[in-house]
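Q: Hey, dropping my_file_7.txt in here, compact mmCIF, C-alpha atoms:
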```txt
# COMPACT_ATOMS: atom_id res chain seq x y z
CA MET A 224 0.00 0.00 0.00
CA LEU A 225 1.13 3.56 -0.73
CA SER A 226 0.45 4.63 2.86
CA ASP A 227 2.67 1.84 4.23
CA LYS A 228 5.54 2.68 1.89
CA LEU A 229 5.18 6.40 2.56
CA SER A 230 5.26 5.97 6.35
CA GLN A 231 8.51 3.99 6.06
CA LEU A 232 10.16 6.17 3.41
CA GLU A 233 13.88 6.82 3.90
CA GLN A 234 16.17 8.66 1.53
CA LYS A 235 18.84 6.46 -0.07
CA ARG A 236 19.97 8.53 -3.07
CA PRO A 237 21.08 12.19 -3.27
CA VAL A 238 18.99 14.61 -5.33
CA THR A 239 20.05 17.78 -7.17
CA VAL A 240 17.44 20.20 -8.52
CA ILE A 241 18.58 22.46 -11.37
CA GLY A 242 16.37 25.20 -12.78
CA SER A 243 14.37 28.30 -12.09
CA ALA A 244 12.91 30.15 -9.15
CA VAL A 245 10.63 32.88 -10.48
CA ILE A 246 7.53 34.87 -9.61
CA ASP A 247 4.07 33.78 -10.77
CA VAL A 248 1.50 36.55 -11.03
CA ILE A 249 -1.68 34.47 -11.16
CA ALA A 250 -4.99 35.80 -12.44
CA ASP A 251 -8.39 34.33 -13.27
CA ALA A 252 -9.44 34.88 -16.88
CA TYR A 253 -12.93 34.11 -18.20
CA ALA A 254 -11.23 33.41 -21.56
CA LEU A 255 -7.80 33.77 -23.13
CA PRO A 256 -7.22 37.18 -24.74
CA TRP A 257 -7.44 37.48 -28.50
CA ARG A 258 -5.67 39.97 -30.73
CA GLY A 259 -6.75 43.53 -30.10
CA CYS A 260 -8.97 42.73 -27.13
CA ASP A 261 -9.01 44.18 -23.62
CA ILE A 262 -10.13 41.64 -21.03
CA GLU A 263 -10.66 42.10 -17.30
CA LEU A 264 -8.61 39.83 -15.01
CA GLN A 265 -9.15 38.93 -11.37
CA GLN A 266 -5.82 38.62 -9.58
CA GLN A 267 -5.45 35.50 -7.41
CA GLY A 268 -2.08 36.32 -5.97
CA VAL A 269 1.65 36.70 -6.43
CA ASN A 270 3.44 33.42 -5.70
CA ILE A 271 6.95 32.10 -5.99
CA GLY A 272 7.10 29.56 -8.77
CA GLY A 273 9.27 28.05 -11.47
CA CYS A 274 9.39 24.35 -12.32
CA ALA A 275 12.51 23.57 -10.31
CA LEU A 276 11.34 25.57 -7.31
CA ASN A 277 8.05 23.65 -7.23
CA VAL A 278 10.03 20.40 -7.36
CA ALA A 279 12.30 21.57 -4.53
CA VAL A 280 9.24 22.48 -2.41
CA ALA A 281 7.67 19.06 -3.00
CA LEU A 282 10.89 17.26 -2.04
CA LYS A 283 11.31 19.35 1.09
CA ARG A 284 7.74 18.75 2.27
CA LEU A 285 8.00 15.02 1.59
CA GLY A 286 11.12 14.79 3.73
CA ILE A 287 13.78 14.52 1.01
CA ASP A 288 16.98 16.59 1.21
CA SER A 289 18.05 18.11 -2.10
CA CYS A 290 20.87 20.31 -3.34
CA ASN A 291 19.03 23.17 -5.04
CA ALA A 292 20.69 25.09 -7.86
CA LEU A 293 18.08 27.81 -8.32
CA PRO A 294 19.86 31.01 -9.42
CA LEU A 295 18.97 33.98 -7.20
CA GLY A 296 19.76 37.44 -8.53
CA GLN A 297 19.40 41.01 -7.30
CA GLY A 298 16.19 42.99 -7.64
CA VAL A 299 12.55 43.20 -6.62
CA TRP A 300 11.57 39.75 -7.87
CA ALA A 301 14.74 38.10 -6.52
CA ASP A 302 14.10 39.56 -3.06
CA ILE A 303 10.57 38.13 -3.00
CA VAL A 304 11.86 34.70 -4.07
CA ARG A 305 14.74 34.74 -1.59
CA ASN A 306 12.53 35.71 1.35
CA ASN A 307 9.94 33.06 0.53
CA LEU A 308 12.58 30.35 0.17
CA LYS A 309 14.04 31.33 3.53
CA ARG A 310 10.61 30.98 5.18
CA GLN A 311 10.29 27.48 3.72
CA GLY A 312 13.76 26.43 4.79
CA ILE A 313 15.00 26.02 1.22
CA ASN A 314 18.49 27.15 0.21
CA SER A 315 20.08 27.66 -3.21
CA ILE A 316 23.77 27.18 -4.00
CA ILE A 317 23.64 29.78 -6.82
CA GLU A 318 23.71 33.51 -5.96
CA THR A 319 24.50 36.12 -8.61
CA ASP A 320 24.51 39.84 -9.35
CA LYS A 321 23.87 39.31 -13.09
CA GLY A 322 20.32 40.67 -12.82
CA ASP A 323 16.88 40.01 -11.37
CA ASN A 324 14.90 36.77 -11.36
CA GLY A 325 12.28 36.20 -14.01
CA TRP A 326 8.51 36.33 -13.66
CA CYS A 327 5.44 35.19 -15.53
CA LEU A 328 1.77 36.04 -15.87
CA ALA A 329 -0.34 32.90 -15.43
CA LEU A 330 -3.91 33.08 -16.72
CA VAL A 331 -6.25 30.48 -15.20
CA GLU A 332 -9.43 29.69 -17.12
CA PRO A 333 -12.67 28.55 -15.41
CA ASP A 334 -11.84 24.84 -15.92
CA GLY A 335 -8.48 25.26 -14.16
CA GLU A 336 -6.31 25.18 -17.30
CA ARG A 337 -3.43 27.66 -17.22
CA THR A 338 -1.52 29.65 -19.82
CA PHE A 339 1.85 31.27 -19.08
CA MET A 340 3.53 34.39 -20.47
CA SER A 341 7.10 34.42 -19.18
CA PHE A 342 9.92 36.96 -18.77
CA THR A 343 13.40 35.44 -18.47
CA GLY A 344 15.81 36.44 -15.70
CA VAL A 345 19.03 35.07 -14.22
CA GLU A 346 17.64 31.53 -14.11
CA ASN A 347 18.92 31.00 -17.67
CA ALA A 348 22.30 32.73 -17.22
CA TRP A 349 24.27 29.55 -16.48
CA ASP A 350 28.05 29.57 -16.86
CA ASP A 351 30.99 27.27 -16.07
CA GLY A 352 31.40 28.80 -12.61
CA TRP A 353 27.86 27.85 -11.61
CA LEU A 354 28.29 24.34 -13.02
CA ALA A 355 31.43 23.89 -10.91
CA ARG A 356 29.28 24.27 -7.78
CA LEU A 357 27.07 21.30 -8.64
CA PRO A 358 27.75 18.09 -6.70
CA HIS A 359 28.85 14.90 -8.44
CA HIS A 360 27.22 11.80 -6.99
CA ALA A 361 27.73 8.47 -8.77
CA ASP A 362 24.21 7.31 -7.87
CA GLY A 363 22.58 10.73 -7.80
CA LEU A 364 19.25 11.93 -9.16
CA VAL A 365 19.06 15.22 -11.06
CA TYR A 366 16.00 17.24 -12.07
CA LEU A 367 16.16 19.37 -15.24
CA SER A 368 13.48 21.43 -16.98
CA GLY A 369 12.86 22.11 -20.64
CA TYR A 370 12.91 25.84 -19.92
CA GLN A 371 16.67 25.62 -19.34
CA LEU A 372 17.27 22.95 -22.00
CA THR A 373 15.85 25.21 -24.72
CA ALA A 374 17.56 28.39 -23.45
CA PRO A 375 21.03 29.62 -24.49
CA CYS A 376 22.47 27.78 -21.47
CA ALA A 377 21.30 24.39 -22.81
CA GLU A 378 24.66 23.45 -24.32
CA LEU A 379 26.42 23.96 -20.98
CA LEU A 380 23.86 21.93 -19.03
CA VAL A 381 23.81 19.05 -21.52
CA SER A 382 27.61 18.94 -21.55
CA TRP A 383 27.57 18.77 -17.74
CA LEU A 384 25.05 15.92 -17.87
CA GLU A 385 27.19 14.05 -20.40
CA ALA A 386 30.18 14.42 -18.06
CA SER A 387 28.25 13.00 -15.07
CA PRO A 388 28.21 9.21 -15.53
CA GLY A 389 26.02 7.28 -13.13
CA VAL A 390 23.62 10.18 -12.62
CA THR A 391 19.95 9.55 -13.39
CA ALA A 392 18.22 12.65 -14.75
CA LEU A 393 14.48 13.21 -14.55
CA ILE A 394 13.65 15.69 -17.30
CA ASP A 395 10.37 17.52 -17.78
CA PHE A 396 10.58 19.33 -21.12
CA GLY A 397 7.08 20.74 -20.65
CA PRO A 398 5.67 22.73 -23.56
CA ARG A 399 9.22 23.49 -24.72
CA ILE A 400 9.65 19.93 -26.03
CA ALA A 401 8.66 21.18 -29.48
CA ASP A 402 11.49 23.75 -29.38
CA ILE A 403 14.53 21.59 -28.61
CA SER A 404 16.75 20.86 -31.60
CA PRO A 405 16.94 17.24 -32.81
CA ALA A 406 20.72 17.20 -32.31
CA LEU A 407 20.53 18.38 -28.72
CA PHE A 408 17.62 16.07 -27.98
CA ALA A 409 19.65 13.11 -29.24
CA ARG A 410 22.51 14.07 -26.92
CA VAL A 411 20.11 14.31 -23.97
CA MET A 412 18.57 10.93 -24.72
CA ALA A 413 22.01 9.30 -25.03
CA CYS A 414 22.32 9.97 -21.28
CA LYS A 415 19.32 7.65 -20.71
CA PRO A 416 17.22 10.08 -18.65
CA ILE A 417 13.69 9.50 -17.40
CA ILE A 418 11.43 11.76 -19.47
CA THR A 419 8.06 12.87 -18.10
CA LEU A 420 5.36 14.17 -20.47
CA ASN A 421 1.80 15.30 -20.02
CA ARG A 422 -1.07 14.44 -22.36
CA GLN A 423 -0.49 17.38 -24.75
CA GLU A 424 3.28 16.86 -24.86
CA ALA A 425 2.77 13.18 -25.75
CA GLU A 426 0.66 14.34 -28.70
CA ILE A 427 3.52 16.61 -29.80
CA VAL A 428 5.94 13.68 -29.60
CA ALA A 429 3.60 11.47 -31.63
CA GLU A 430 3.26 14.08 -34.34
CA GLN A 431 6.90 15.18 -34.39
CA TRP A 432 8.40 11.67 -34.65
CA GLN A 433 5.48 9.87 -36.30
CA PHE A 434 4.97 7.72 -33.19
CA PRO A 435 1.62 6.01 -32.51
CA ALA A 436 -0.89 8.28 -30.78
CA GLU A 437 -2.12 5.49 -28.50
CA ILE A 438 -0.04 5.78 -25.31
CA ALA A 439 0.81 2.11 -24.77
CA GLN A 440 2.11 1.86 -28.33
CA LEU A 441 3.88 5.21 -28.10
CA GLY A 442 5.71 4.07 -24.98
CA ASN A 443 6.88 0.85 -26.60
CA VAL A 444 8.17 2.69 -29.68
CA TRP A 445 9.88 5.21 -27.38
CA LEU A 446 11.73 2.36 -25.62
CA GLU A 447 12.77 0.89 -28.96
CA ARG A 448 14.08 4.27 -30.16
CA TRP A 449 15.78 5.58 -27.02
CA GLN A 450 16.15 2.67 -24.53
CA ALA A 451 15.25 5.16 -21.80
CA PRO A 452 12.32 5.33 -19.35
CA LEU A 453 9.21 7.38 -20.10
CA ILE A 454 6.33 8.69 -17.98
CA VAL A 455 3.13 9.98 -19.60
CA ARG A 456 0.83 11.83 -17.21
CA GLN A 457 -2.86 11.79 -18.12
CA ASP A 458 -4.26 13.76 -15.16
CA LYS A 459 -7.60 12.18 -14.13
CA ASP A 460 -6.76 9.04 -16.14
CA GLY A 461 -3.59 8.25 -14.21
CA ALA A 462 -0.06 8.02 -15.57
CA TRP A 463 1.72 5.49 -17.78
CA TYR A 464 5.30 4.44 -17.15
CA PHE A 465 7.63 2.54 -19.47
CA THR A 466 11.00 0.94 -18.74
CA GLU A 467 12.82 -1.99 -20.29
CA LEU A 468 11.93 -4.02 -17.17
CA GLU A 469 8.35 -2.94 -16.45
CA SER A 470 5.54 -0.95 -18.01
CA GLY A 471 2.04 -0.15 -16.86
CA LYS A 472 -0.39 2.49 -15.68
CA ALA A 473 -0.52 3.97 -12.19
CA PRO A 474 -4.05 4.92 -11.12
CA ALA A 475 -5.17 8.49 -10.56
CA PHE A 476 -6.50 9.76 -7.24
CA PRO A 477 -9.89 11.53 -7.17
CA ALA A 478 -9.61 15.32 -7.03
CA THR A 479 -11.78 18.39 -7.55
CA VAL A 480 -9.62 20.60 -9.76
CA VAL A 481 -9.21 24.21 -8.66
CA ASP A 482 -5.90 25.13 -10.30
CA THR A 483 -3.48 23.00 -12.36
CA ILE A 484 -0.46 25.28 -11.90
CA GLY A 485 2.48 23.28 -10.60
CA ALA A 486 0.75 19.90 -10.84
CA GLY A 487 3.29 18.47 -13.29
CA ASP A 488 6.22 19.88 -11.29
CA SER A 489 4.86 18.45 -8.05
CA HIS A 490 4.31 15.11 -9.80
CA ALA A 491 8.02 15.16 -10.69
CA GLY A 492 8.81 15.93 -7.04
CA GLY A 493 6.77 12.91 -5.97
CA VAL A 494 8.49 10.66 -8.52
CA LEU A 495 11.93 11.89 -7.39
CA THR A 496 10.94 11.24 -3.77
CA GLY A 497 10.09 7.63 -4.57
CA LEU A 498 13.24 7.10 -6.61
CA ALA A 499 15.38 8.70 -3.90
CA ALA A 500 13.94 6.13 -1.48
CA GLY A 501 14.86 3.28 -3.80
CA TRP A 502 11.31 2.58 -4.97
CA SER A 503 10.47 1.14 -8.38
CA LEU A 504 9.38 3.59 -11.07
CA ALA A 505 5.84 2.19 -10.81
CA ASP A 506 5.61 3.04 -7.10
CA ALA A 507 7.31 6.40 -7.63
CA VAL A 508 4.78 7.34 -10.33
CA THR A 509 1.94 6.35 -8.01
CA LEU A 510 3.35 8.72 -5.38
CA GLY A 511 3.62 11.41 -8.05
CA ASN A 512 -0.07 10.92 -8.86
CA ALA A 513 -0.99 11.30 -5.19
CA VAL A 514 1.04 14.51 -4.83
CA ALA A 515 -0.39 16.01 -8.04
CA SER A 516 -3.95 15.17 -6.96
CA TRP A 517 -3.38 17.25 -3.83
CA VAL A 518 -1.85 20.19 -5.69
CA VAL A 519 -4.71 20.61 -8.19
CA THR A 520 -7.14 21.11 -5.29
CA HIS A 521 -5.14 24.14 -4.04
CA ARG A 522 -4.22 27.50 -5.49
CA GLY A 523 -0.68 28.16 -6.75
CA GLY A 524 2.14 25.86 -7.78
CA ASP A 525 4.22 25.77 -4.60
CA CYS A 526 1.58 23.98 -2.51
CA ALA A 527 2.79 20.36 -2.42
CA PRO A 528 1.60 18.40 0.62
CA THR A 529 3.73 17.19 3.50
CA ARG A 530 4.16 13.48 4.01
CA GLU A 531 1.78 13.67 6.98
CA GLU A 532 -0.92 15.36 4.89
CA LEU A 533 -0.62 12.69 2.22
CA LEU A 534 -0.85 9.93 4.83
CA LEU A 535 -4.05 11.43 6.23
CA THR A 536 -5.55 11.85 2.75
CA HIS A 537 -4.61 8.39 1.47
CA LYS A 538 -4.50 6.33 4.67
CA ASP A 539 -6.54 3.54 3.11
CA VAL A 540 -4.64 3.41 -0.23
```
The structure given in the file should be rewritten as structure tokens.
A:
Amino acid sequence: MLSDKLSQLEQKRPVTVIGSAVIDVIADAYALPWRGCDIELQQQGVNIGGCALNVAVALKRLGIDSCNALPLGQGVWADIVRNNLKRQGINSIIETDKGDNGWCLALVEPDGERTFMSFTGVENAWDDGWLARLPHHADGLVYLSGYQLTAPCAELLVSWLEASPGVTALIDFGPRIADISPALFARVMACKPIITLNRQEAEIVAEQWQFPAEIAQLGNVWLERWQAPLIVRQDKDGAWYFTELESGKAPAFPATVVDTIGAGDSHAGGVLTGLAAGWSLADAVTLGNAVASWVVTHRGGDCAPTREELLLTHKDV
């Protein structure tokens, strides 16, 4: 049972989180704006966000220690991020005076779907000096986001990954999967990472590489092509996982959706938690589903549950 495994969870592998800590200005929109329009928004709040930050929050609340490489700059946005991280007991090994942190406007439609408009900051200003600060663990887990792997710093980060044998990367390309060059993607996949996709991103993969649209078939073709694990998240329909040793579908957990911001990031945090504890990918994906089901019932992306909250919610699962 998930509750039994969760109550006995102990970290066995180190985790490094690489990516962005930014500001999310979140607003309700009755519809997405169209060219030339002027729509009225209802502001929900100003939250700290960024894919990697949401992952770091999930790991922290689930009791997993991680080395967080979330560049923190100087400026109004950076100060908000830094103060919020301090309150949550999360540290970053990257501090810089290259500029301010980025921010994005997140529009949330009535059904909970979100659309982002982003402004880049220091989170994509990676250099060799920052890379030198990253730990090297032979059996380590590393989180990477597509926002960095399609930015100008992508070459540096991929080269670092190639020079880190034994590391298992969990990569969430997100909507940027359509933007990564075929050559760079091939280099990433040669490192045998675990790739996590949502429903829409799986459709992009199917169209871009002429893979089958049906998920079970897509996963099998993916394994034949890349010999690397794949996760396909299908929200209320659960999540598929594919490895050369096991494949299947982890069930979803019932949830009343309020806001989907951060659900995919928090799912990645749950998967990393399971893998850090030495769980199988199947069990880790199940934990990811449980974490994501909590997040979509709350506002904002940095709202992952604690281990105790998950145990109370899923005590009979």
Q: Calculate how many Å separate CA of Leu364 in chain A from CA of Ile316 in chain A, rounding to one decimal.
A: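 If I compute the distance from CA of Leu364 in chain A to CA of Ile316 in chain A, I get 16.7 Å.
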Q: Just want the 9 Å neighbourhood of range 273-278 of chain A, counted on only C-alpha atoms, with same-chain residues fewer than 6 positions away dropped. Output as an NGL selection string.
A: :A and (240-247 or 291-293 or 308 or 326 or 366-368 or 370 or 395 or 485-493 or 495 or 524-527)
Q: In Å, rounded to a single decimal, give me how far CA of Leu393 in chain A is from CA of Glu332 in chain A.
A: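 About the pair CA of Glu332 in chain A and CA of Leu393 in chain A: they are 29.2 Å apart.
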Q: Centre and edge lengths of an axis-aligned box around all listed atoms of range 456-471 of chain A, with 8 Å added on each side, are to be given in Å to one decimal, as AutoDock Vina command-line options.
A:
```
--center_x 2.6 --center_y 4.9 --center_z -17.2 --size_x 36.4 --size_y 33.8 --size_z 22.2
```
Q: If I take CA of Trp300 in chain A and CA of Asp323 in chain A, how far is one from the other in Å, to one decimal?
A: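 Rounded to one decimal, the two atoms are 6.4 Å apart.
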Q: Determine, counting all atoms listed in the file, which protein, DNA and RNA residues have an atom within 6 Å of an atom of range 471-484 of chain A; residues of the same chain fewer than 5 positions away are not included. Present the result as a list of chain:residue names.
A: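 Here the qualifying residues turn out to be A:Gly335, A:Lys459, A:Asp460, A:Gly461, A:Ala462, A:Trp463, A:Tyr464, A:Thr509, A:Asn512, A:Ser516, A:Val519, A:Thr520, A:Arg522, A:Gly523, A:Gly524.
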Q: Tell me which of A:Val411, A:Asp506, A:Ile403, A:Pro398 sits closest to Trp383 in chain A, counting only C-alpha atoms.
A: A:Val411
Q: Could you give me, as number ranges by chain, the residues within 10 Å of Leu384 in chain A, counting only C-alpha atoms and dropping anything in the same chain fewer than 3 positions from it?
A: A: 365, 367, 378-381, 387-392, 410-411, 414, 416
Q: So that I can check the surroundings of range 341-343 of chain A, please list as a PyMOL selection string every protein, DNA and RNA residue that reaches within 8 Å of it, counting only C-alpha atoms and ignoring chain neighbours fewer than 6 positions away.
A: chain A and resi 324-328
Q: Of the residues A:Val248, A:Leu510, A:Val428, A:Ala377, which is the one nearest to Glu346 in chain A, using all atoms listed in the file?
A: A:Ala377
